[in-house]
Amino acid sequence: MHLVPAERAQQPSIDEHRACEAIEGLGDPRQVAAWAARFSLLSDPNRLALLLCIRHAGPISVTDLALATGMNATTVSQALRLLKTAQAVVGIRDGRVIRYQLADQTLGTALALAAPAVPAAPAVPAAPAVPAAPPGGSHPRP
């Protein structure tokens, strides 16, 4: 049990090698905490919707995010403030407009896996073929 911390060495184990593999897979507890923080950002449907929109269409403004998600601009701004504090998104000034894009590419990868598949645009039916006019210039009437 080479990976088991000394303070847990006296705890019973069924398969010691599996416990060590599990500890190895767990990795650094700080990384686990960082992932938990990322996942907490995704736990709110409004924040998740904003992140999905930003990932798919960013850099994008608050106004356009409000339109896309159906939220009001104040709610979008509040959520973006939290996402900026968590370093998930970054605002880029474009004249008087601030556009948001993902700052955390690892989160972007997770969003790509979670994002709903974008359906292909429906095929536009071809216009019915108009028969060529017979020599003489007009179509016969039915």
# chains A, B, ... in the order shown; residues from 1 in each chain; ligands from 1
>>> residues_around(residues="range 97-101 of chain A", least_positions_apart="5", cutoff="6 Å", atoms="only C-alpha atoms", output="MDAnalysis selection string")
chainID A and resid 54 58:61 89:92
>>> residues_around(residues="range 71-87 of chain A", least_positions_apart="3", cutoff="7 Å", atoms="only C-alpha atoms", output="ChimeraX atom specification")
/A:47,62-63,66,90,103-104
>>> write_last_selection(atoms="C-alpha atoms", output="mmCIF file, in the first residue's frame")
data_model
loop_
_atom_site.group_PDB
_atom_site.id
_atom_site.type_symbol
_atom_site.label_atom_id
_atom_site.label_comp_id
_atom_site.auth_asym_id
_atom_site.auth_seq_id
_atom_site.Cartn_x
_atom_site.Cartn_y
_atom_site.Cartn_z
ATOM 1 C CA ARG A 47 -24.847 29.741 -16.299
ATOM 2 C CA VAL A 62 -24.580 40.599 -23.146
ATOM 3 C CA THR A 63 -27.391 41.812 -25.403
ATOM 4 C CA ALA A 66 -29.885 37.745 -23.454
ATOM 5 C CA VAL A 90 -13.160 36.897 -20.160
ATOM 6 C CA ALA A 103 -11.098 31.759 -20.807
ATOM 7 C CA ASP A 104 -10.900 28.204 -19.472
#
>>> select_by_dssp(residues="chain A", states="strand (DSSP E or B)", output="JSON, numbers by chain")
{"A": [60, 61, 89, 90, 91, 92, 93, 94, 97, 98, 99, 100, 101, 102]}
>>> write_last_selection(atoms="all heavy atoms", output="compact mmCIF listing (two decimals), in the first residue's frame")
# COMPACT_ATOMS: atom_id res chain seq x y z
N ILE A 60 -19.23 37.15 -27.73
CA ILE A 60 -20.63 37.55 -27.87
C ILE A 60 -20.99 38.53 -26.76
O ILE A 60 -20.49 38.43 -25.64
CB ILE A 60 -21.55 36.30 -27.89
CG1 ILE A 60 -23.00 36.66 -28.17
CG2 ILE A 60 -21.37 35.49 -26.62
CD1 ILE A 60 -23.89 35.45 -28.44
N SER A 61 -21.86 39.48 -27.08
CA SER A 61 -22.24 40.54 -26.15
C SER A 61 -23.34 40.09 -25.19
O SER A 61 -24.05 39.10 -25.45
CB SER A 61 -22.73 41.76 -26.92
OG SER A 61 -23.97 41.47 -27.54
N VAL A 89 -14.76 32.86 -18.05
CA VAL A 89 -14.92 33.69 -19.23
C VAL A 89 -14.09 34.96 -19.06
O VAL A 89 -13.71 35.32 -17.95
CB VAL A 89 -16.40 34.08 -19.52
CG1 VAL A 89 -17.25 32.85 -19.75
CG2 VAL A 89 -16.96 34.93 -18.41
N VAL A 90 -13.87 35.62 -20.17
CA VAL A 90 -13.16 36.90 -20.16
C VAL A 90 -13.93 37.84 -21.08
O VAL A 90 -14.47 37.42 -22.11
CB VAL A 90 -11.69 36.73 -20.60
CG1 VAL A 90 -11.57 36.24 -22.03
CG2 VAL A 90 -10.92 38.01 -20.42
N GLY A 91 -14.00 39.11 -20.67
CA GLY A 91 -14.66 40.13 -21.49
C GLY A 91 -13.62 40.86 -22.31
O GLY A 91 -12.57 41.24 -21.79
N ILE A 92 -13.92 41.07 -23.57
CA ILE A 92 -13.03 41.78 -24.48
C ILE A 92 -13.77 43.01 -24.98
O ILE A 92 -14.86 42.89 -25.55
CB ILE A 92 -12.62 40.88 -25.66
CG1 ILE A 92 -11.91 39.64 -25.14
CG2 ILE A 92 -11.76 41.65 -26.65
CD1 ILE A 92 -11.75 38.57 -26.17
N ARG A 93 -13.18 44.18 -24.73
CA ARG A 93 -13.81 45.43 -25.16
C ARG A 93 -13.69 45.57 -26.68
O ARG A 93 -12.64 45.39 -27.25
CB ARG A 93 -13.17 46.61 -24.47
CG ARG A 93 -13.86 47.93 -24.83
CD ARG A 93 -13.46 49.06 -23.92
NE ARG A 93 -13.95 48.91 -22.56
CZ ARG A 93 -15.21 49.16 -22.17
NH1 ARG A 93 -16.10 49.53 -23.05
NH2 ARG A 93 -15.56 49.03 -20.91
N ASP A 94 -14.82 45.91 -27.30
CA ASP A 94 -14.90 46.15 -28.74
C ASP A 94 -15.63 47.48 -28.90
O ASP A 94 -16.85 47.50 -29.05
CB ASP A 94 -15.63 45.00 -29.42
CG ASP A 94 -15.72 45.15 -30.93
OD1 ASP A 94 -15.01 46.01 -31.49
OD2 ASP A 94 -16.51 44.41 -31.54
N VAL A 97 -18.81 48.08 -26.67
CA VAL A 97 -19.41 46.77 -26.37
C VAL A 97 -18.35 45.86 -25.77
O VAL A 97 -17.20 45.87 -26.20
CB VAL A 97 -19.98 46.14 -27.66
CG1 VAL A 97 -20.51 44.75 -27.42
CG2 VAL A 97 -21.05 47.04 -28.26
N ILE A 98 -18.76 45.07 -24.77
CA ILE A 98 -17.88 44.04 -24.24
C ILE A 98 -18.42 42.70 -24.72
O ILE A 98 -19.60 42.40 -24.58
CB ILE A 98 -17.81 44.08 -22.70
CG1 ILE A 98 -17.21 45.41 -22.27
CG2 ILE A 98 -17.00 42.92 -22.16
CD1 ILE A 98 -17.16 45.63 -20.79
N ARG A 99 -17.54 41.94 -25.34
CA ARG A 99 -17.91 40.61 -25.84
C ARG A 99 -17.22 39.57 -24.98
O ARG A 99 -16.07 39.75 -24.58
CB ARG A 99 -17.49 40.47 -27.30
CG ARG A 99 -18.17 41.48 -28.19
CD ARG A 99 -17.75 41.33 -29.64
NE ARG A 99 -18.18 42.45 -30.44
CZ ARG A 99 -19.40 42.62 -30.92
NH1 ARG A 99 -20.32 41.71 -30.66
NH2 ARG A 99 -19.71 43.68 -31.63
N TYR A 100 -17.92 38.49 -24.71
CA TYR A 100 -17.41 37.46 -23.80
C TYR A 100 -17.01 36.21 -24.57
O TYR A 100 -17.66 35.82 -25.54
CB TYR A 100 -18.48 37.12 -22.75
CG TYR A 100 -18.67 38.28 -21.82
CD1 TYR A 100 -19.57 39.30 -22.11
CD2 TYR A 100 -17.89 38.40 -20.67
CE1 TYR A 100 -19.71 40.39 -21.28
CE2 TYR A 100 -18.03 39.49 -19.83
CZ TYR A 100 -18.94 40.48 -20.14
OH TYR A 100 -19.06 41.56 -19.32
N GLN A 101 -15.90 35.63 -24.13
CA GLN A 101 -15.44 34.36 -24.69
C GLN A 101 -14.92 33.49 -23.54
O GLN A 101 -14.64 34.00 -22.46
CB GLN A 101 -14.37 34.56 -25.75
CG GLN A 101 -13.06 35.09 -25.22
CD GLN A 101 -12.07 35.33 -26.35
OE1 GLN A 101 -12.45 35.64 -27.47
NE2 GLN A 101 -10.80 35.19 -26.04
N LEU A 102 -14.79 32.20 -23.81
CA LEU A 102 -14.29 31.30 -22.78
C LEU A 102 -12.82 31.61 -22.49
O LEU A 102 -12.05 31.85 -23.41
CB LEU A 102 -14.41 29.84 -23.24
CG LEU A 102 -15.81 29.26 -23.30
CD1 LEU A 102 -15.77 27.82 -23.79
CD2 LEU A 102 -16.52 29.34 -21.97
>>> select_by_dssp(residues="range 69-101 of chain A", states="helix (DSSP H, G or I)", output="VMD selection string")
chain A and resid 69 73 to 85
>>> atom_distance(atom1="CA of Ala49 in chain A", atom2="CA of Leu26 in chain A")
29.1 Å
>>> atom_distance(atom1="CA of Thr109 in chain A", atom2="CA of Leu52 in chain A")
11.0 Å
>>> atom_distance(atom1="CA of Ser40 in chain A", atom2="CA of Glu21 in chain A")
26.5 Å
